[in-house]
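Data from my_file29.cif: mmCIF, C-alpha atoms
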```cif
data_my_file
#
loop_
_atom_site.label_atom_id
_atom_site.label_comp_id
_atom_site.auth_asym_id
_atom_site.auth_seq_id
_atom_site.Cartn_x
_atom_site.Cartn_y
_atom_site.Cartn_z
CA ASP A 1 -20.39 -57.93 2.20
CA ALA A 2 -17.97 -60.79 1.78
CA MET A 3 -14.65 -59.86 3.25
CA VAL A 4 -11.43 -60.70 5.03
CA ILE A 5 -11.39 -59.75 8.70
CA GLN A 6 -8.36 -59.50 10.95
CA ASN A 7 -8.37 -59.20 14.69
CA PRO A 8 -7.10 -57.39 16.52
CA ARG A 9 -6.12 -54.37 14.40
CA TYR A 10 -3.38 -53.50 16.88
CA GLN A 11 -1.57 -55.91 19.16
CA VAL A 12 1.03 -55.10 21.77
CA THR A 13 3.06 -57.93 23.24
CA GLN A 14 6.16 -58.32 25.33
CA PHE A 15 9.45 -59.65 24.13
CA GLY A 16 9.27 -63.45 24.21
CA LYS A 17 5.56 -63.64 25.07
CA PRO A 18 3.58 -65.80 22.62
CA VAL A 19 1.00 -64.00 20.56
CA THR A 20 -1.73 -65.13 18.16
CA LEU A 21 -3.20 -63.12 15.33
CA SER A 22 -6.53 -64.04 13.79
CA CYS A 23 -7.93 -63.94 10.28
CA SER A 24 -11.38 -64.91 9.09
CA GLN A 25 -13.05 -64.80 5.71
CA THR A 26 -16.57 -64.94 4.38
CA LEU A 27 -15.49 -65.47 0.79
CA ASN A 28 -15.30 -69.26 1.13
CA HIS A 29 -11.91 -69.18 -0.54
CA ASN A 30 -9.65 -72.22 -0.60
CA VAL A 31 -6.37 -70.44 -0.06
CA MET A 32 -5.31 -68.25 2.87
CA TYR A 33 -1.99 -66.42 3.03
CA TRP A 34 -0.02 -64.64 5.74
CA TYR A 35 2.31 -61.80 4.77
CA GLN A 36 4.67 -59.77 6.94
CA GLN A 37 5.14 -56.13 6.05
CA LYS A 38 7.80 -54.13 7.85
CA SER A 39 7.77 -50.37 7.80
CA SER A 40 8.13 -48.89 4.31
CA GLN A 41 8.76 -52.32 2.79
CA ALA A 42 6.90 -54.66 0.49
CA PRO A 43 4.79 -57.46 1.98
CA LYS A 44 6.68 -60.74 2.26
CA LEU A 45 4.91 -64.09 2.17
CA LEU A 46 5.39 -66.21 5.30
CA PHE A 47 3.22 -69.21 4.42
CA HIS A 48 -0.13 -70.22 3.03
CA TYR A 49 -2.77 -72.89 3.29
CA TYR A 50 -4.45 -74.49 0.33
CA ASP A 51 -7.44 -76.03 2.09
CA LYS A 52 -5.72 -77.99 4.87
CA ASP A 53 -2.35 -78.24 3.14
CA PHE A 54 0.24 -76.02 4.78
CA ASN A 55 2.99 -74.47 2.65
CA ASN A 56 5.86 -72.75 4.39
CA GLU A 57 8.21 -70.34 2.64
CA ALA A 58 11.82 -71.49 2.86
CA ASP A 59 13.01 -68.39 4.69
CA THR A 60 10.17 -68.12 7.23
CA PRO A 61 11.65 -68.39 10.74
CA ASP A 62 10.60 -71.35 12.89
CA ASN A 63 9.25 -68.86 15.39
CA PHE A 64 6.25 -68.39 13.12
CA GLN A 65 3.53 -71.02 12.98
CA SER A 66 0.06 -71.16 11.54
CA ARG A 67 -3.18 -73.04 12.07
CA ARG A 68 -6.26 -73.35 9.93
CA PRO A 69 -8.98 -75.17 11.88
CA ASN A 70 -11.61 -74.69 9.18
CA THR A 71 -12.18 -72.94 5.85
CA SER A 72 -13.09 -69.62 7.43
CA PHE A 73 -10.34 -69.12 9.99
CA CYS A 74 -6.58 -68.99 9.94
CA PHE A 75 -4.24 -68.06 12.80
CA LEU A 76 -0.69 -66.81 12.93
CA ASP A 77 1.22 -67.81 16.06
CA ILE A 78 4.48 -66.16 17.00
CA ARG A 79 6.02 -68.34 19.68
CA SER A 80 8.63 -65.98 21.05
CA PRO A 81 8.34 -62.54 19.50
CA GLY A 82 11.50 -60.52 19.13
CA LEU A 83 11.85 -56.81 18.52
CA GLY A 84 12.47 -57.57 14.86
CA ASP A 85 9.03 -59.14 14.54
CA ALA A 86 7.29 -55.80 14.96
CA ALA A 87 5.45 -55.32 11.70
CA MET A 88 2.09 -55.25 9.97
CA TYR A 89 0.75 -58.75 9.40
CA LEU A 90 -1.55 -59.12 6.44
CA CYS A 91 -3.91 -61.97 5.77
CA ALA A 92 -5.09 -62.60 2.23
CA THR A 93 -7.35 -65.13 0.55
CA SER A 94 -7.87 -66.36 -2.98
CA ARG A 95 -10.24 -68.78 -4.61
CA GLY A 96 -7.40 -70.90 -5.94
CA ALA A 97 -3.63 -70.87 -6.28
CA ALA A 98 -3.47 -70.36 -10.03
CA TYR A 99 -1.37 -67.42 -11.12
CA GLN A 100 -4.35 -65.50 -12.45
CA GLU A 101 -6.18 -65.51 -9.15
CA THR A 102 -6.70 -62.27 -7.28
CA GLN A 103 -5.74 -62.14 -3.63
CA TYR A 104 -8.06 -60.25 -1.29
CA PHE A 105 -6.40 -58.67 1.71
CA GLY A 106 -7.63 -57.92 5.18
CA PRO A 107 -6.89 -54.60 6.90
CA GLY A 108 -3.89 -56.03 8.71
CA THR A 109 -2.80 -56.36 12.34
CA ARG A 110 -0.04 -54.06 13.48
CA LEU A 111 2.15 -55.83 16.04
CA LEU A 112 4.26 -53.93 18.51
CA VAL A 113 6.84 -55.80 20.61
CA LEU A 114 8.00 -54.14 23.81
CA GLY B 1 14.50 -65.50 -9.56
CA ASN B 2 11.32 -63.54 -9.99
CA SER B 3 11.41 -59.87 -9.08
CA VAL B 4 9.58 -56.59 -9.47
CA THR B 5 11.19 -53.17 -9.62
CA GLN B 6 9.26 -49.95 -9.15
CA MET B 7 10.32 -46.36 -9.48
CA GLU B 8 11.39 -44.87 -6.19
CA GLY B 9 9.19 -42.39 -4.44
CA PRO B 10 7.82 -40.34 -3.09
CA VAL B 11 6.08 -38.98 -6.12
CA THR B 12 4.54 -35.59 -5.42
CA LEU B 13 1.97 -34.16 -7.82
CA SER B 14 -0.55 -31.39 -7.90
CA GLU B 15 -4.21 -32.28 -8.23
CA GLU B 16 -5.27 -33.01 -11.84
CA ALA B 17 -1.70 -33.80 -12.91
CA PHE B 18 -0.86 -36.86 -15.01
CA LEU B 19 0.56 -39.83 -13.13
CA THR B 20 2.97 -42.52 -14.24
CA ILE B 21 4.51 -45.04 -11.87
CA ASN B 22 6.98 -47.31 -13.61
CA CYS B 23 7.09 -51.04 -12.95
CA THR B 24 9.29 -53.64 -14.59
CA TYR B 25 9.56 -57.31 -13.80
CA THR B 26 11.70 -60.40 -14.21
CA ALA B 27 9.94 -63.72 -14.32
CA THR B 28 10.04 -67.17 -15.78
CA GLY B 29 7.07 -68.16 -17.84
CA TYR B 30 4.07 -65.88 -18.20
CA PRO B 31 3.12 -64.21 -14.95
CA SER B 32 0.02 -62.29 -14.06
CA LEU B 33 0.62 -58.69 -13.08
CA PHE B 34 -1.17 -56.65 -10.45
CA TRP B 35 -1.31 -53.19 -8.98
CA TYR B 36 -2.35 -52.93 -5.35
CA VAL B 37 -2.95 -49.72 -3.40
CA GLN B 38 -2.43 -49.26 0.34
CA TYR B 39 -3.95 -46.31 2.14
CA PRO B 40 -2.38 -45.24 5.45
CA GLY B 41 -2.91 -47.80 8.20
CA GLU B 42 -4.86 -50.17 5.97
CA GLY B 43 -4.35 -53.40 4.08
CA LEU B 44 -3.84 -53.76 0.36
CA GLN B 45 -6.63 -53.32 -2.15
CA LEU B 46 -6.48 -54.64 -5.67
CA LEU B 47 -6.46 -51.73 -8.10
CA LEU B 48 -6.18 -53.61 -11.39
CA LYS B 49 -4.62 -56.64 -12.97
CA ALA B 50 -3.65 -58.20 -16.31
CA THR B 51 -3.13 -61.88 -16.93
CA LYS B 52 -1.57 -62.00 -20.38
CA ALA B 53 0.53 -59.94 -22.75
CA ASP B 54 -1.11 -56.82 -24.23
CA ASP B 55 -3.97 -56.96 -21.70
CA LYS B 56 -4.92 -53.61 -20.24
CA GLY B 57 -6.20 -53.45 -16.70
CA SER B 58 -8.23 -50.44 -15.66
CA ASN B 59 -10.12 -49.22 -12.62
CA LYS B 60 -11.09 -45.85 -11.11
CA GLY B 61 -9.30 -43.98 -13.91
CA PHE B 62 -6.06 -45.94 -13.48
CA GLU B 63 -4.69 -48.03 -16.34
CA ALA B 64 -1.77 -50.36 -16.93
CA THR B 65 -0.83 -52.42 -19.98
CA TYR B 66 1.04 -55.73 -19.79
CA ARG B 67 4.04 -55.27 -22.11
CA LYS B 68 5.88 -58.53 -22.57
CA GLU B 69 8.46 -57.07 -24.95
CA THR B 70 9.62 -54.52 -22.38
CA THR B 71 8.63 -56.60 -19.30
CA SER B 72 6.74 -53.63 -17.95
CA PHE B 73 3.39 -52.80 -16.34
CA HIS B 74 3.43 -49.06 -15.81
CA LEU B 75 0.54 -47.47 -13.90
CA GLU B 76 -1.04 -44.32 -15.35
CA LYS B 77 -3.84 -41.94 -14.49
CA GLY B 78 -4.78 -38.90 -16.47
CA SER B 79 -5.85 -36.66 -13.60
CA VAL B 80 -4.98 -37.47 -10.00
CA GLN B 81 -6.95 -36.39 -6.95
CA VAL B 82 -5.90 -35.77 -3.37
CA SER B 83 -7.73 -38.97 -2.43
CA ASP B 84 -5.30 -40.96 -4.61
CA SER B 85 -2.53 -40.30 -2.09
CA ALA B 86 -1.36 -43.75 -1.02
CA VAL B 87 1.36 -46.34 -1.53
CA TYR B 88 1.14 -48.27 -4.79
CA PHE B 89 2.58 -51.77 -5.14
CA CYS B 90 3.25 -53.58 -8.37
CA ALA B 91 3.24 -57.36 -8.05
CA LEU B 92 3.50 -60.52 -10.08
CA SER B 93 2.22 -64.02 -9.67
CA ASP B 94 4.26 -66.67 -11.38
CA GLY B 95 2.41 -69.75 -12.53
CA SER B 96 5.48 -71.94 -12.28
CA SER B 97 5.25 -72.04 -8.49
CA ASN B 98 1.58 -73.09 -8.50
CA THR B 99 1.10 -71.37 -5.17
CA GLY B 100 -0.38 -68.05 -6.21
CA LYS B 101 2.50 -66.40 -4.40
CA LEU B 102 2.75 -62.66 -5.03
CA ILE B 103 6.12 -61.02 -5.49
CA PHE B 104 5.86 -57.31 -4.71
CA GLY B 105 7.89 -54.33 -5.72
CA GLN B 106 9.11 -52.04 -3.00
CA GLY B 107 6.13 -49.69 -3.31
CA THR B 108 5.86 -46.11 -4.51
CA THR B 109 4.38 -43.42 -2.31
CA LEU B 110 2.17 -40.93 -4.12
CA GLN B 111 1.39 -37.58 -2.54
CA VAL B 112 -1.17 -35.39 -4.27
CA LYS B 113 -1.40 -31.79 -3.16
CA PRO B 114 -4.47 -29.58 -3.67
#
```

What would the structure in this file look like if it were written as structure tokens?
Amino acid sequence: DAMVIQNPRYQVTQFGKPVTLSCSQTLNHNVMYWYQQKSSQAPKLLFHYYDKDFNNEADTPDNFQSRRPNTSFCFLDIRSPGLGDAAMYLCATSRGAAYQETQYFGPGTRLLVL
Amino acid sequence: GNSVTQMEGPVTLSEEAFLTINCTYTATGYPSLFWYVQYPGEGLQLLLKATKADDKGSNKGFEATYRKETTSFHLEKGSVQVSDSAVYFCALSDGSSNTGKLIFGQGTTLQVKP
């Protein structure tokens, strides 16, 4: 089945130690999104790629970076994780960026910062 | 700016009870509206959507009608089951941004007891 896959499902890192989260998709969608969801809160968009074009949200901290080496994969890099970065990170994809498009979410990676 | 407001939870119901979760929105233009469901420890799954006024989205016994005059998209189900216990997010996608960005409500936790 076509799907959005995130690895790992759980990630533990140390304060200040760089960490990379991975997302892959078999849907061949053009757009890939990264959301941050803190406990009991709504998901918040960090950035997205439309093909190779990177679009950062204005309030996304510089500590967060992303790479999309090809259509299928997208990575979220946190350069120096702080305790406040502990959250669920959700990857989503959509065929296009039009407002009618449905976003398909992966299962998420839960990040714990010690 | 664009925003989504949902009724606060948790909502606790007995099995086979009628469910309503209220959702209202503020948006420029004509957004698409979505309901996503999140089961414990998992990512978001699309439940239903509507892309224009008076559209009704439906899936798995859930329904919601896009009401432009009241800027609402209330979720309803005639008879809930224990397996419906989850967090429900209302969201909008505003075409003016041309990014497909989803704006989520704060989520409503539904607990269904046998």

Taking the file above as input, evaluate the PyMOL selection byres ((chain A) within 9 of (chain B)) and report the hits as number ranges by chain. A: 31, 33, 40-45, 48, 50, 55, 88, 90-91, 94, 96-110

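Note that atom CA of Ile78 of chain A and atom CA of Leu112 of chain A are 12.3 Å apart.
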
Go ahead and find all residues with at least one atom no further than 10 Å from (-1.0, -38.4, -12.5) in the file's coordinates, using only C-alpha atoms; report them as a VMD selection string. chain B and resid 11 to 21 62 75 to 81 84 110 112

Which polymer residues have any atom within 10 Å of an atom of Thr70 of chain B, counting all atoms listed in the file, with same-chain residues fewer than 4 positions away left out, as a PyMOL selection string? chain B and resi 24-25+66

Interatomic distance, atom CA of Ala87 of chain A to atom CA of Val113 of chain A (Å, one decimal):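 Atom CA of Ala87 of chain A sits 9.0 Å away from atom CA of Val113 of chain A.
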
Point-to-point distance in Å for atom CA of Tyr35 of chain A and atom CA of Arg67 of chain B: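 Taking atom CA of Arg67 of chain B as the start and atom CA of Tyr35 of chain A as the end point, the length is 27.7 Å.
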
Selection near Asn63 of chain A, 10 Å with all atoms listed in the file, sequence-local residues under 6 positions removed, as a ChimeraX atom specification: /A:18,77-82,85

Take the residues that were just selected and, keeping C-alpha atoms, output them as a PDB file, in the frame of the given file.
```pdb
ATOM      1  CA  PRO A  18       3.580 -65.800  22.620  1.00  0.00           C
ATOM      2  CA  ASP A  77       1.220 -67.810  16.060  1.00  0.00           C
ATOM      3  CA  ILE A  78       4.480 -66.160  17.000  1.00  0.00           C
ATOM      4  CA  ARG A  79       6.020 -68.340  19.680  1.00  0.00           C
ATOM      5  CA  SER A  80       8.630 -65.980  21.050  1.00  0.00           C
ATOM      6  CA  PRO A  81       8.340 -62.540  19.500  1.00  0.00           C
ATOM      7  CA  GLY A  82      11.500 -60.520  19.130  1.00  0.00           C
ATOM      8  CA  ASP A  85       9.030 -59.140  14.540  1.00  0.00           C
TER       9      ASP A  85
END
```

The PyMOL selection byres ((chain A and resi 24) around 9) - which residues does that actually catch in the file I just gave you? List them as an NGL selection string. :A and (3-7 or 22-23 or 25-26 or 71-75 or 91 or 106)

Proximity to Val4 of chain B - best of B:Thr71, B:Asn59, B:Gln111, B:Ser85, all atoms listed in the file: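 Closest to Val4 of chain B, using all atoms listed in the file: B:Thr71.
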
Would you please work out which residue, of B:Thr5, B:Gly61, B:Tyr88, B:Lys68, is nearest to Trp35 of chain B when using all atoms listed in the file?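 Of B:Thr5, B:Gly61, B:Tyr88, B:Lys68, the one nearest Trp35 of chain B is B:Tyr88, counting all atoms listed in the file.
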
Find the axis-aligned box for segment 15-27 of chain B, covering all its listed atoms and adding 4 Å on each side, and write its centre and edge lengths in Å to one decimal as JSON.
```
{"center_x": 3.2, "center_y": -48.0, "center_z": -11.6, "size_x": 25.0, "size_y": 39.4, "size_z": 14.8}
```

Would you mind putting back N, CA and C atoms on segment 60-83 of chain B, then writing it out as a compact mmCIF listing (two decimals), in the frame of the given file?
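Ended up saving to rebuild.txt:
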```txt
# COMPACT_ATOMS: atom_id res chain seq x y z
N LYS B 60 -11.08 -47.16 -11.78
CA LYS B 60 -11.09 -45.85 -11.11
C LYS B 60 -10.21 -44.84 -11.83
N GLY B 61 -10.11 -44.92 -13.14
CA GLY B 61 -9.30 -43.98 -13.91
C GLY B 61 -7.85 -44.38 -14.06
N PHE B 62 -7.43 -45.42 -13.35
CA PHE B 62 -6.06 -45.94 -13.48
C PHE B 62 -6.02 -46.99 -14.59
N GLU B 63 -4.89 -47.04 -15.29
CA GLU B 63 -4.69 -48.03 -16.34
C GLU B 63 -3.27 -48.56 -16.29
N ALA B 64 -3.10 -49.79 -16.75
CA ALA B 64 -1.77 -50.36 -16.93
C ALA B 64 -1.85 -51.42 -18.01
N THR B 65 -0.85 -51.46 -18.88
CA THR B 65 -0.83 -52.42 -19.98
C THR B 65 0.34 -53.38 -19.81
N TYR B 66 0.06 -54.65 -19.92
CA TYR B 66 1.04 -55.73 -19.79
C TYR B 66 1.88 -55.76 -21.07
N ARG B 67 3.14 -55.32 -20.96
CA ARG B 67 4.04 -55.27 -22.11
C ARG B 67 5.11 -56.33 -21.95
N LYS B 68 4.94 -57.42 -22.69
CA LYS B 68 5.88 -58.53 -22.57
C LYS B 68 7.23 -58.16 -23.17
N GLU B 69 7.21 -57.37 -24.26
CA GLU B 69 8.46 -57.07 -24.95
C GLU B 69 9.39 -56.19 -24.12
N THR B 70 8.80 -55.37 -23.26
CA THR B 70 9.62 -54.52 -22.38
C THR B 70 9.53 -54.96 -20.92
N THR B 71 8.88 -56.07 -20.67
CA THR B 71 8.63 -56.60 -19.30
C THR B 71 8.22 -55.48 -18.35
N SER B 72 7.17 -54.78 -18.74
CA SER B 72 6.74 -53.63 -17.95
C SER B 72 5.23 -53.65 -17.73
N PHE B 73 4.81 -52.91 -16.70
CA PHE B 73 3.39 -52.80 -16.34
C PHE B 73 3.22 -51.45 -15.65
N HIS B 74 3.44 -50.40 -16.38
CA HIS B 74 3.43 -49.06 -15.81
C HIS B 74 2.00 -48.60 -15.50
N LEU B 75 1.86 -47.97 -14.34
CA LEU B 75 0.54 -47.47 -13.90
C LEU B 75 0.39 -46.01 -14.33
N GLU B 76 -0.78 -45.68 -14.89
CA GLU B 76 -1.04 -44.32 -15.35
C GLU B 76 -2.43 -43.87 -14.92
N LYS B 77 -2.53 -42.55 -14.72
CA LYS B 77 -3.84 -41.94 -14.49
C LYS B 77 -3.78 -40.53 -15.07
N GLY B 78 -4.80 -40.17 -15.75
CA GLY B 78 -4.78 -38.90 -16.47
C GLY B 78 -4.89 -37.68 -15.58
N SER B 79 -5.59 -37.83 -14.45
CA SER B 79 -5.85 -36.66 -13.60
C SER B 79 -6.00 -37.14 -12.15
N VAL B 80 -4.96 -36.94 -11.36
CA VAL B 80 -4.98 -37.47 -10.00
C VAL B 80 -5.75 -36.53 -9.06
N GLN B 81 -6.23 -37.13 -7.98
CA GLN B 81 -6.95 -36.39 -6.95
C GLN B 81 -6.22 -36.56 -5.62
N VAL B 82 -6.52 -35.67 -4.69
CA VAL B 82 -5.90 -35.77 -3.37
C VAL B 82 -6.17 -37.14 -2.75
N SER B 83 -7.35 -37.67 -3.00
CA SER B 83 -7.73 -38.97 -2.43
C SER B 83 -6.93 -40.14 -3.01
```
